[in-house]
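The file input.txt contains compact mmCIF, C-alpha atoms and all ligand atoms:
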```
# COMPACT_ATOMS: atom_id res chain seq x y z
CA MET A 164 104.87 99.43 92.98
CA THR A 165 101.66 100.15 94.90
CA GLN A 166 98.64 100.06 92.66
CA LEU A 167 96.28 103.01 92.74
CA PRO A 168 92.87 101.73 93.82
CA PRO A 169 90.15 102.21 91.20
CA ASP A 170 87.98 104.40 93.43
CA ALA A 171 90.87 106.47 94.69
CA GLY A 172 90.00 109.75 93.05
CA PRO A 173 89.36 113.16 94.49
CA VAL A 174 86.06 113.67 96.17
CA LEU A 175 84.35 116.24 94.00
CA PRO A 176 83.99 116.59 90.25
CA GLU A 177 85.30 120.15 90.36
CA HIS A 178 88.80 118.78 90.98
CA HIS A 179 91.63 119.55 88.62
CA VAL A 180 92.70 115.93 88.33
CA ALA A 181 92.60 114.92 84.67
CA SER A 182 89.02 114.91 83.51
CA SER A 183 89.77 111.96 81.25
CA ASN A 184 90.32 109.86 84.35
CA ARG A 185 86.63 109.48 85.12
CA ARG A 186 87.06 106.64 87.59
CA SER A 187 89.37 108.83 89.67
CA GLN A 188 86.48 111.22 90.30
CA GLU A 189 84.24 108.85 92.15
CA THR A 190 83.26 109.48 95.74
CA PRO A 191 85.41 107.66 98.29
CA PRO A 192 83.91 104.63 100.03
CA GLN A 193 81.30 105.05 102.75
CA SER A 194 83.58 103.57 105.37
CA ASP A 195 85.69 106.75 105.31
CA SER A 196 83.20 108.73 107.33
CA ALA A 197 83.31 110.46 110.71
CA GLY A 198 79.62 109.59 111.14
CA ALA A 199 77.65 110.13 114.30
CA ARG A 200 80.62 109.70 116.63
CA PHE A 201 82.13 113.06 115.80
CA PRO A 202 81.14 115.78 118.28
CA ILE A 203 79.10 118.82 117.32
CA GLY A 204 79.81 121.87 119.44
CA GLY A 205 76.95 123.88 120.93
CA ALA A 206 77.35 126.86 118.58
CA ALA A 207 77.60 124.66 115.48
CA ASN A 208 74.57 122.67 116.54
CA GLU A 209 72.50 125.79 117.04
CA PHE A 210 73.61 127.00 113.61
CA ARG A 211 72.74 123.62 112.06
CA ARG A 212 69.25 123.71 113.58
CA ARG A 213 68.67 127.23 112.36
CA PHE A 214 70.03 127.07 108.81
CA TYR A 215 70.10 123.36 108.02
CA ALA A 216 67.01 122.24 109.90
CA ASP A 217 66.47 119.12 107.79
CA VAL A 218 70.08 117.96 108.05
CA SER A 219 70.74 115.16 110.52
CA ARG A 220 73.75 115.06 112.83
CA VAL A 221 75.16 112.17 110.79
CA GLN A 222 74.88 114.15 107.56
CA TRP A 223 76.37 117.24 109.17
CA ASN A 224 79.34 115.18 110.32
CA ASP A 225 79.87 113.65 106.89
CA TRP A 226 82.80 115.58 105.39
CA ARG A 227 81.61 114.85 101.87
CA TRP A 228 78.24 116.39 102.68
CA GLN A 229 80.03 119.46 104.04
CA LEU A 230 81.98 119.72 100.80
CA ARG A 231 78.94 119.31 98.58
CA LYS A 232 77.03 121.97 100.53
CA ARG A 233 79.75 124.58 100.51
CA ILE A 234 78.56 128.17 100.45
CA LYS A 235 79.67 129.59 97.12
CA THR A 236 77.23 132.13 95.71
CA VAL A 237 75.55 135.37 96.75
CA GLU A 238 72.31 133.40 97.09
CA ASP A 239 73.99 130.84 99.42
CA LEU A 240 75.52 133.64 101.48
CA ASP A 241 72.29 135.67 101.58
CA ARG A 242 70.49 132.77 103.20
CA ILE A 243 72.75 133.08 106.25
CA PHE A 244 74.54 136.41 106.29
CA ILE A 245 73.46 140.00 106.00
CA LEU A 246 75.85 140.98 103.23
CA SER A 247 77.30 144.45 102.88
CA ASP A 248 76.90 146.02 99.43
CA ASP A 249 80.66 145.67 98.96
CA GLU A 250 80.58 141.94 99.73
CA ALA A 251 77.56 141.24 97.53
CA LEU A 252 79.02 143.17 94.60
CA THR A 253 82.44 141.52 94.92
CA VAL A 254 81.07 137.99 95.15
CA ARG A 255 78.91 138.66 92.06
CA ARG A 256 81.76 140.05 89.97
CA HIS A 257 84.30 137.39 90.98
CA SER A 258 85.47 134.88 88.42
CA GLY A 259 88.50 132.64 87.96
CA SER A 260 90.74 131.37 90.73
CA LEU A 261 90.18 131.81 94.46
CA PRO A 262 86.39 131.48 94.32
CA VAL A 263 84.17 131.78 97.36
CA GLY A 264 83.90 128.49 99.24
CA ILE A 265 82.95 128.05 102.88
CA THR A 266 81.93 124.79 104.53
CA PRO A 267 78.65 125.04 106.48
CA TYR A 268 80.65 123.97 109.55
CA TYR A 269 83.12 126.87 109.21
CA ALA A 270 80.32 129.31 108.36
CA HIS A 271 79.07 129.02 111.93
CA LEU A 272 82.20 130.85 113.09
CA LEU A 273 81.60 133.87 110.86
CA ASP A 274 79.54 136.76 112.18
CA ARG A 275 76.17 136.85 110.42
CA VAL A 276 75.80 140.62 110.57
CA ASP A 277 79.17 142.28 111.11
CA ALA A 278 81.09 142.40 107.83
CA THR A 279 84.17 143.67 109.69
CA GLN A 280 84.54 140.57 111.87
CA GLY A 281 88.02 139.13 111.35
CA LEU A 282 87.18 135.56 110.34
CA ARG A 283 84.37 136.73 108.07
CA ARG A 284 86.82 139.00 106.22
CA THR A 285 89.12 136.03 105.65
CA HIS A 286 86.42 134.19 103.67
CA ILE A 287 83.91 136.65 102.20
CA PRO A 288 85.65 138.86 99.62
CA VAL A 289 85.41 142.62 99.40
CA GLY A 290 86.30 145.05 96.63
CA ALA A 291 89.76 145.72 98.12
CA GLU A 292 90.81 142.39 96.55
CA TYR A 293 90.76 144.16 93.21
CA PHE A 294 93.30 146.78 94.26
CA THR A 295 96.91 145.82 93.56
CA ALA A 296 99.27 147.78 95.80
CA PRO A 297 102.86 148.60 94.79
CA GLY A 298 105.11 145.57 95.24
CA GLU A 299 102.27 143.05 95.03
CA ALA A 300 102.27 140.26 92.46
CA SER A 301 100.23 137.19 91.59
CA ASP A 302 103.19 134.91 92.38
CA PRO A 303 105.31 136.94 94.80
CA LEU A 304 107.43 133.96 95.86
CA GLN A 305 108.16 133.11 92.19
CA GLU A 306 107.12 129.52 92.75
CA ASP A 307 106.21 129.04 89.11
CA ALA A 308 109.76 129.84 88.03
CA ARG A 309 111.15 127.33 90.51
CA GLN A 310 109.19 124.31 89.39
CA ALA A 311 111.49 121.39 88.64
CA VAL A 312 108.55 119.71 86.91
CA PRO A 313 104.96 121.00 86.87
CA GLY A 314 103.59 121.04 90.42
CA LEU A 315 106.94 120.46 92.14
CA VAL A 316 108.65 123.58 93.50
CA HIS A 317 112.32 123.04 94.29
CA ARG A 318 113.73 126.22 95.86
CA TYR A 319 115.81 124.84 98.76
CA PRO A 320 118.64 122.32 98.33
CA ASP A 321 117.22 119.34 100.24
CA ARG A 322 113.45 119.85 100.19
CA VAL A 323 110.59 120.33 97.77
CA LEU A 324 107.03 121.55 97.75
CA PHE A 325 104.71 119.06 96.05
CA LEU A 326 101.49 120.74 94.88
CA VAL A 327 99.11 117.80 94.76
CA THR A 328 95.80 119.52 94.01
CA GLY A 329 94.51 122.95 93.13
CA ASN A 330 91.43 122.73 95.32
CA CYS A 331 90.62 123.56 98.90
CA SER A 332 87.60 123.03 101.13
CA THR A 333 87.42 126.74 101.90
CA TYR A 334 89.18 129.62 100.19
CA CYS A 335 91.16 132.14 102.22
CA ARG A 336 91.10 135.61 100.72
CA TYR A 337 94.82 136.17 101.48
CA CYS A 338 96.01 132.90 99.91
CA THR A 339 99.60 132.88 98.65
CA ARG A 340 98.47 130.63 95.80
CA SER A 341 95.38 132.65 94.93
CA ARG A 342 96.57 132.53 91.32
CA LEU A 343 95.99 128.80 91.06
CA VAL A 344 93.50 127.51 93.66
CA GLY A 345 89.91 126.66 92.81
CA ASP A 346 90.18 127.22 89.09
CA PRO A 347 89.39 124.03 87.19
CA GLY A 348 90.20 124.49 83.53
CA GLY A 349 92.48 127.42 84.38
CA PRO A 350 96.14 127.69 83.47
CA TYR A 351 97.26 125.33 86.25
CA SER A 352 96.39 121.68 86.08
CA PHE A 353 96.88 118.81 88.49
CA SER A 354 96.69 115.26 87.27
CA MET A 355 97.94 111.74 87.85
CA PRO A 356 100.48 111.99 85.01
CA GLN A 357 101.78 115.15 86.67
CA TRP A 358 102.10 113.30 90.01
CA GLU A 359 104.03 110.56 88.20
CA ARG A 360 106.46 113.07 86.69
CA ALA A 361 107.02 114.60 90.11
CA LEU A 362 107.60 111.17 91.66
CA GLU A 363 110.04 110.32 88.91
CA TYR A 364 111.95 113.56 89.56
CA LEU A 365 112.12 112.76 93.26
CA GLU A 366 113.29 109.21 92.62
CA GLN A 367 116.11 110.61 90.50
CA THR A 368 117.12 113.44 92.85
CA PRO A 369 118.87 111.99 95.91
CA ARG A 370 119.57 115.37 97.49
CA VAL A 371 115.86 115.76 98.28
CA ARG A 372 115.24 114.39 101.75
CA ASP A 373 112.15 116.39 102.72
CA VAL A 374 108.84 116.59 100.82
CA LEU A 375 106.02 118.93 101.80
CA LEU A 376 102.64 118.05 100.30
CA SER A 377 100.53 121.12 99.77
CA GLY A 378 98.32 122.66 97.15
CA GLY A 379 95.45 123.44 97.40
CA ASP A 380 94.73 121.18 100.30
CA PRO A 381 96.06 117.61 100.15
CA LEU A 382 93.42 116.39 102.60
CA LEU A 383 90.76 117.12 100.03
CA ILE A 384 92.00 114.13 98.09
CA ALA A 385 90.34 110.78 98.74
CA THR A 386 91.99 108.78 101.50
CA GLU A 387 92.94 105.94 99.15
CA LYS A 388 94.59 108.29 96.70
CA LEU A 389 96.58 110.02 99.42
CA ASP A 390 97.57 106.56 100.66
CA TYR A 391 98.90 105.80 97.19
CA LEU A 392 100.96 109.01 97.06
CA LEU A 393 102.37 108.62 100.57
CA THR A 394 103.25 104.97 99.85
CA ARG A 395 105.10 105.99 96.70
CA LEU A 396 106.98 108.72 98.55
CA ARG A 397 107.86 106.43 101.46
CA ALA A 398 109.30 103.97 98.95
CA ILE A 399 111.93 106.55 97.92
CA LYS A 400 114.83 105.73 100.23
CA HIS A 401 116.38 109.22 100.37
CA VAL A 402 113.06 110.92 101.22
CA GLU A 403 113.40 110.85 105.00
CA PHE A 404 110.87 113.45 106.00
CA LEU A 405 107.26 113.86 104.83
CA ARG A 406 105.03 116.74 105.76
CA ILE A 407 101.45 117.59 104.88
CA GLY A 408 100.29 121.20 104.93
CA SER A 409 96.53 121.54 105.43
CA LYS A 410 93.78 123.82 106.64
CA ILE A 411 91.16 121.11 106.53
CA PRO A 412 91.47 120.02 110.19
CA VAL A 413 90.38 123.60 111.04
CA VAL A 414 87.67 124.29 108.48
CA LEU A 415 86.44 120.73 107.95
CA PRO A 416 87.53 118.76 111.04
CA GLN A 417 85.05 116.00 110.16
CA ARG A 418 87.56 114.98 107.46
CA ILE A 419 89.75 113.48 110.20
CA THR A 420 87.86 110.20 110.09
CA ARG A 421 88.92 106.91 111.64
CA GLY A 422 89.65 105.67 108.10
CA PHE A 423 91.90 108.64 107.41
CA ILE A 424 93.74 108.14 110.70
CA LYS A 425 94.27 104.46 109.98
CA MET A 426 95.78 105.33 106.62
CA VAL A 427 97.98 108.24 107.68
CA LYS A 428 99.32 106.42 110.72
CA LYS A 429 101.09 103.96 108.40
CA HIS A 430 103.12 106.71 106.75
CA LYS A 431 103.95 108.87 109.79
CA PRO A 432 104.10 112.29 108.12
CA TRP A 433 104.32 115.48 110.14
CA MET A 434 101.45 117.92 109.76
CA SER A 435 101.52 121.70 109.39
CA ILE A 436 98.06 122.99 110.14
CA HIS A 437 96.88 126.43 109.13
CA PHE A 438 95.17 128.24 112.02
CA THR A 439 94.07 131.86 112.05
CA HIS A 440 92.14 132.73 115.21
CA PRO A 441 91.31 131.25 118.62
CA ASP A 442 87.61 131.12 117.67
CA GLU A 443 88.60 128.18 115.45
CA LEU A 444 89.45 126.07 118.49
CA THR A 445 86.04 124.40 118.74
CA PRO A 446 85.15 120.98 120.22
CA GLU A 447 85.26 119.62 116.65
CA VAL A 448 88.79 120.90 116.08
CA THR A 449 89.84 119.60 119.50
CA GLU A 450 88.59 116.15 118.46
CA ALA A 451 90.46 116.32 115.14
CA MET A 452 93.71 117.35 116.90
CA GLU A 453 93.26 114.58 119.43
CA ARG A 454 92.85 111.98 116.70
CA LEU A 455 95.92 113.22 114.82
CA ALA A 456 98.10 113.53 117.94
CA ASP A 457 96.98 110.15 119.30
CA ALA A 458 97.96 108.64 115.93
CA GLY A 459 101.49 109.83 116.65
CA LEU A 460 101.67 112.60 114.04
CA PRO A 461 103.82 115.54 115.16
CA LEU A 462 101.65 118.63 114.72
CA GLY A 463 102.80 122.17 114.01
CA SER A 464 100.82 125.27 113.18
CA GLN A 465 101.23 128.00 110.63
CA THR A 466 99.43 131.29 110.99
CA VAL A 467 99.42 134.33 108.75
CA LEU A 468 99.51 137.63 110.63
CA LEU A 469 96.44 139.47 109.38
CA LYS A 470 95.42 143.08 109.99
CA GLY A 471 92.21 143.32 111.99
CA VAL A 472 91.97 139.55 112.30
CA ASN A 473 94.66 138.26 114.65
CA ASP A 474 97.06 141.18 115.06
CA GLU A 475 96.17 141.86 118.71
CA PRO A 476 98.62 140.24 121.17
CA ALA A 477 95.74 138.98 123.35
CA VAL A 478 94.17 137.22 120.34
CA MET A 479 97.45 135.68 119.18
CA THR A 480 98.39 134.58 122.72
CA LYS A 481 95.02 132.88 123.13
CA LEU A 482 95.49 131.06 119.83
CA MET A 483 99.04 129.93 120.68
CA HIS A 484 97.97 128.73 124.13
CA GLY A 485 94.99 126.89 122.65
CA LEU A 486 97.25 125.16 120.14
CA LEU A 487 99.67 123.98 122.81
CA MET A 488 96.76 122.61 124.84
CA ARG A 489 95.80 120.58 121.78
CA ARG A 490 99.37 119.27 121.29
CA VAL A 491 100.07 121.52 118.31
CA LYS A 492 103.41 123.33 118.41
CA PRO A 493 103.06 126.92 117.16
CA TYR A 494 105.60 126.82 114.35
CA TYR A 495 105.41 129.71 111.90
CA LEU A 496 103.87 133.15 112.12
CA TYR A 497 104.01 134.49 108.57
CA GLN A 498 104.18 138.04 107.43
CA CYS A 499 101.31 138.17 104.88
CA ASP A 500 102.84 137.71 101.43
CA PRO A 501 102.47 140.58 98.95
CA ILE A 502 99.89 138.78 96.82
CA ALA A 503 97.92 140.99 94.45
CA GLY A 504 94.90 142.39 96.29
CA SER A 505 96.02 141.57 99.83
CA SER A 506 97.06 144.98 101.20
CA HIS A 507 93.90 145.22 103.33
CA PHE A 508 95.22 142.20 105.28
CA ARG A 509 98.87 143.12 105.59
CA THR A 510 100.47 144.55 108.71
CA THR A 511 103.95 146.02 108.69
CA VAL A 512 106.91 143.79 109.52
CA ALA A 513 107.47 145.96 112.62
CA GLU A 514 104.03 144.91 113.87
CA GLY A 515 105.03 141.26 113.42
CA LEU A 516 108.15 141.86 115.48
CA ARG A 517 106.09 143.59 118.15
CA MET A 518 103.84 140.50 118.21
CA ILE A 519 106.84 138.29 118.91
CA GLU A 520 107.97 140.70 121.65
CA ALA A 521 104.51 140.45 123.17
CA LEU A 522 104.83 136.67 123.32
CA ARG A 523 108.51 135.97 124.04
CA GLY A 524 109.17 135.87 127.77
CA HIS A 525 105.56 136.63 128.61
CA THR A 526 104.53 133.05 128.01
CA SER A 527 106.02 129.56 127.49
CA GLY A 528 108.76 129.42 124.86
CA TYR A 529 106.87 126.55 123.22
CA ALA A 530 104.01 128.98 122.53
CA VAL A 531 106.21 131.36 120.52
CA PRO A 532 106.32 130.69 116.76
CA HIS A 533 109.09 131.72 114.37
CA PHE A 534 108.17 134.98 112.69
CA VAL A 535 109.15 134.70 109.02
CA VAL A 536 108.99 136.77 105.87
CA ASP A 537 108.77 134.55 102.82
CA THR A 538 110.71 135.72 99.77
CA PRO A 539 111.64 134.22 96.38
CA GLY A 540 114.92 133.28 98.09
CA GLY A 541 113.22 131.39 100.91
CA LYS A 542 111.83 132.11 104.37
CA ILE A 543 113.74 134.69 106.35
CA PRO A 544 113.29 134.53 110.13
CA LEU A 545 113.14 137.83 112.00
CA LEU A 546 113.60 138.48 115.69
CA PRO A 547 113.22 141.62 117.74
CA ASP A 548 116.65 143.04 118.54
CA TYR A 549 117.45 142.27 122.15
CA VAL A 550 121.06 143.45 121.95
CA GLU A 551 121.33 147.01 123.29
CA GLY A 552 125.07 147.36 122.84
CA ARG A 553 128.41 146.55 124.39
CA ASP A 554 130.22 147.88 127.37
CA HIS A 555 133.89 146.81 127.23
CA GLY A 556 133.75 143.01 127.23
CA ASP A 557 130.08 142.84 128.25
CA LEU A 558 127.06 142.48 126.03
CA LEU A 559 124.09 144.60 127.09
CA LEU A 560 120.93 142.56 126.57
CA ARG A 561 117.33 143.65 126.98
CA ASN A 562 114.90 141.17 128.53
CA TYR A 563 111.16 140.85 127.87
CA GLN A 564 110.41 143.50 130.54
CA GLY A 565 112.75 146.02 128.94
CA LYS A 566 115.38 145.63 131.67
CA ILE A 567 119.02 145.59 130.64
CA PHE A 568 121.34 142.79 131.73
CA ARG A 569 125.05 142.33 131.25
CA HIS A 570 126.51 139.19 129.83
CA PRO A 571 130.30 138.72 129.87
CA ASP A 572 131.44 138.11 126.32
CA GLY A 573 134.59 138.16 124.20
CA ASP A 574 135.33 141.52 122.51
CA ASP A 575 135.06 140.16 119.01
CA ALA A 576 131.91 138.11 119.43
CA LEU A 577 129.46 140.85 118.44
CA PRO A 578 129.61 141.48 114.70
CA ASP A 579 129.93 145.01 113.47
CA ARG A 580 126.32 145.82 112.48
CA ALA A 581 127.27 148.73 110.25
CA ALA A 582 129.67 146.49 108.30
CA GLN A 583 126.92 143.85 107.96
CA LEU A 584 124.48 146.40 106.65
CA ARG A 585 126.99 147.68 104.11
CA LYS A 586 127.34 144.10 102.85
CA VAL A 587 123.58 143.79 102.31
CA ILE A 588 123.29 147.11 100.52
S1 LIG A 601 93.44 126.53 102.44
FE1 LIG A 601 95.56 127.11 101.97
S2 LIG A 601 95.78 126.86 99.75
FE2 LIG A 601 93.58 126.86 100.23
S3 LIG A 601 92.91 128.98 99.97
FE3 LIG A 601 93.45 128.73 102.13
S4 LIG A 601 95.60 129.36 102.26
FE4 LIG A 601 95.15 128.95 100.08
```
Output the file's structure in the form of structure tokens.
Amino acid sequence: MTQLPPDAGPVLPEHHVASSNRRSQETPPQSDSAGARFPIGGAANEFRRRFYADVSRVQWNDWRWQLRKRIKTVEDLDRIFILSDDEALTVRRHSGSLPVGITPYYAHLLDRVDATQGLRRTHIPVGAEYFTAPGEASDPLQEDARQAVPGLVHRYPDRVLFLVTGNCSTYCRYCTRSRLVGDPGGPYSFSMPQWERALEYLEQTPRVRDVLLSGGDPLLIATEKLDYLLTRLRAIKHVEFLRIGSKIPVVLPQRITRGFIKMVKKHKPWMSIHFTHPDELTPEVTEAMERLADAGLPLGSQTVLLKGVNDEPAVMTKLMHGLLMRRVKPYYLYQCDPIAGSSHFRTTVAEGLRMIEALRGHTSGYAVPHFVVDTPGGKIPLLPDYVEGRDHGDLLLRNYQGKIFRHPDGDDALPDRAAQLRKVI
């Protein structure tokens, strides 16, 4: 069995990993640093000079420095942003999970003055978070009820979701796991013994062939510790497919250090990266994607459709094109989950379908993600309806321009929609 290195703990003391394990909370070694060789884009550099004048380029590019200097309080925010009364009040009253946390790097993408700017809304909370709309819930996907052991959600036959940490580098205000992230000492805990129980379950469950590491953000964990977990998972013969879900390459691209790449390359996981808006496609993110793709990791994106943030076809198209150019396959476009306090972000499902219609046919098929609604029963893919009807043996199909085309087809091939609907009801 691979031994966990003594300094292989999470990077910051606020982590949920068992507080008794003091050695696991040390800072990872200095060699795991992006250092001066990581690029700093023009806008980020200007921001650094203005708000972090005494911070060197090397410090700025040190992901641990970025984590330590996260913007968390009204005072931190006030130093950079002109806060609306609503924002200031909400940040002050907030307690518990889903705290405010923004890396200085990511803060440069948020508008300093305009509280309605999309990306700013995704990270600075407003009072609407405290309004629970009908149908919303703290755990709308019922993940807690589907845990095989604590931290391991088993809701599909051959794959599991492994929640490895409760912490993130930044906190998204629409987070599906808002009930558990960023709340040390709260009802959810993440620890080495918990990891071991999850590993034991996986070792004893041969039908699981696919493990998705998520959280929280798995890349927040020290490189050595992640190495340990990936090594253990790779040692389970029936686990064929490993995936890591992360937002860190977008909000803290400096984390993609040479040391991290060297480690992750050994284990060959796929990566699902959480992108929101084309403004995130900075020189820093381009560098991070290049490092990951050059290491041979297949990259896919996941994006939540958010009202007033990325729900314009031009914005979404720009993001999808930018991802393809960086060797990231747009994978999922999610309908925003009905998490308590998220109605100000949620579009209708019809708007999601219209977004897919605006992409499909108008641009490369590779740039079109799957539009999915997540439910307690799993992800349900939805497509615009391109079937207009039937004329004798022909199917009448609508193309992306709205033109109708005939396709010769057997009489029985098209299912009776009314009968299908009756079955659902
Ligand atoms: S990074 Fe992921 S887990 Fe963390 S707050 Fe954002 S959506 Fe939630």
Of the candidates A:Ile519, A:Leu376, A:Val276, A:Cys338, which one gets nearest to Ser505 of chain A if we count all atoms listed in the file?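 Answer, going by the shortest atom-to-atom distance: A:Cys338.
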Write as an MDAnalysis selection string the residues around ligand LIG 601 (chain A), taking 10 Å as the cut-off and counting all atoms listed in the file. chainID A and resid 260:264 285:286 326 328:345 377:381 408:411 413:414 436:438 466:467
Please determine, counting all atoms listed in the file, which residue among A:Ile203, A:Gly281, A:Ser435, A:Arg397 has the shortest atom-to-atom distance to Glu475 of chain A.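 Nearest to Glu475 of chain A: A:Gly281.
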Point-to-point distance in Å for atom CA of His507 of chain A and atom CA of Ala296 of chain A: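 About the pair atom CA of Ala296 of chain A and atom CA of His507 of chain A: they are 9.6 Å apart.
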Test item: residues at most 9 Å from Ala503 of chain A, all atoms listed in the file, excluding those fewer than 4 positions along its chain, as a list of chain:residue names: A:Glu292, A:Tyr293, A:Phe294, A:Thr295, A:Ala296, A:Gly298, A:Glu299, A:Ala300, A:Ser301, A:Asp302, A:Pro303, A:Ser341
Could those selected residues go to a file with C-alpha atoms, as a CSV table (one decimal), in the coordinates of the input?
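Result file is part.csv:
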```csv
chain,number,residue,atom,x,y,z
A,292,GLU,CA,90.8,142.4,96.6
A,293,TYR,CA,90.8,144.2,93.2
A,294,PHE,CA,93.3,146.8,94.3
A,295,THR,CA,96.9,145.8,93.6
A,296,ALA,CA,99.3,147.8,95.8
A,298,GLY,CA,105.1,145.6,95.2
A,299,GLU,CA,102.3,143.0,95.0
A,300,ALA,CA,102.3,140.3,92.5
A,301,SER,CA,100.2,137.2,91.6
A,302,ASP,CA,103.2,134.9,92.4
A,303,PRO,CA,105.3,136.9,94.8
A,341,SER,CA,95.4,132.6,94.9
```
In file coordinates, which residues lie within 12 Å of (109.4, 122.2, 86.1) using all atoms listed in the file, given as a list in words? Glu306, Asp307, Ala308, Arg309, Gln310, Ala311, Val312, Pro313, Gly314, Leu315, Val316, His317, Arg318, Val323, Leu324, Phe325, Leu326, Gln357, Arg360, Ala361 and Tyr364 of chain A
Using all atoms listed in the file, which protein or nucleic acid residues come within 8 Å of Ile243 of chain A? Drop anything in the same chain fewer than 2 positions from it, and give the result as a list in words.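 Result of the neighbour search: Phe214, Asp239, Leu240, Asp241, Ile245 and Arg275 of chain A.
If you look at atom CA of Leu272 of chain A and atom CA of Tyr215 of chain A, they are 15.1 Å away from each other.
Between Pro446 of chain A and the candidates A:Lys425, A:Gly290, A:Pro297, A:Pro416, the tightest atom-to-atom separation, counting all atoms listed in the file, involves A:Pro416.
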I'd like the contact shell of segment 523-533 of chain A - 6 Å cut-off, only C-alpha atoms, skipping same-chain residues fewer than 3 positions apart - returned as a PDB file with C-alpha atoms, in the coordinates of the input.
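Saved file around_18.pdb follows:
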```pdb
ATOM      1  CA  MET A 483      99.040 129.930 120.680  1.00  0.00           C
ATOM      2  CA  PRO A 493     103.060 126.920 117.160  1.00  0.00           C
ATOM      3  CA  TYR A 494     105.600 126.820 114.350  1.00  0.00           C
ATOM      4  CA  TYR A 495     105.410 129.710 111.900  1.00  0.00           C
ATOM      5  CA  LEU A 496     103.870 133.150 112.120  1.00  0.00           C
ATOM      6  CA  ILE A 519     106.840 138.290 118.910  1.00  0.00           C
ATOM      7  CA  GLU A 520     107.970 140.700 121.650  1.00  0.00           C
ATOM      8  CA  TYR A 563     111.160 140.850 127.870  1.00  0.00           C
TER       9      TYR A 563
END
```
Please indicate the distance in Å from atom CA of Phe423 of chain A to atom CA of Leu405 of chain A, rounded to one decimal place. 16.4 Å
Could you check the closest approach to Val237 of chain A for each of A:Ile287, A:Ala278, A:Ile399, A:Val448 and tell me which residue wins, using only C-alpha atoms? A:Ile287
Ref. answer, residues at most 12 Å from (95.0, 133.4, 122.4) with all atoms listed in the file, as a VMD selection string: chain A and resid 438 to 444 473 to 488 493 521 to 522 526 530 to 531
Selected residue, from A:Tyr549, A:Trp226, A:Phe568, A:Tyr497, that lies nearest to Leu383 of chain A when counting all atoms listed in the file: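 Closest to Leu383 of chain A of all the choices is A:Trp226.
Nearest residue to Trp223 of chain A among A:Leu362, A:Arg372, A:Leu415, A:Val254 is A:Leu415, counting only C-alpha atoms.
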Report as a PyMOL selection string all protein, DNA and RNA residues lying within 8 Å of Ala206 of chain A, evaluated on all atoms listed in the file, omitting residues in the same chain fewer than 3 positions from it. chain A and resi 209-210+271
Which residues are near Ile567 of chain A? Cut-off 12 Å, all atoms listed in the file, ignore same chain within fewer than 2 positions. Put them as a ChimeraX atom specification. /A:549-554,557-565,569-570
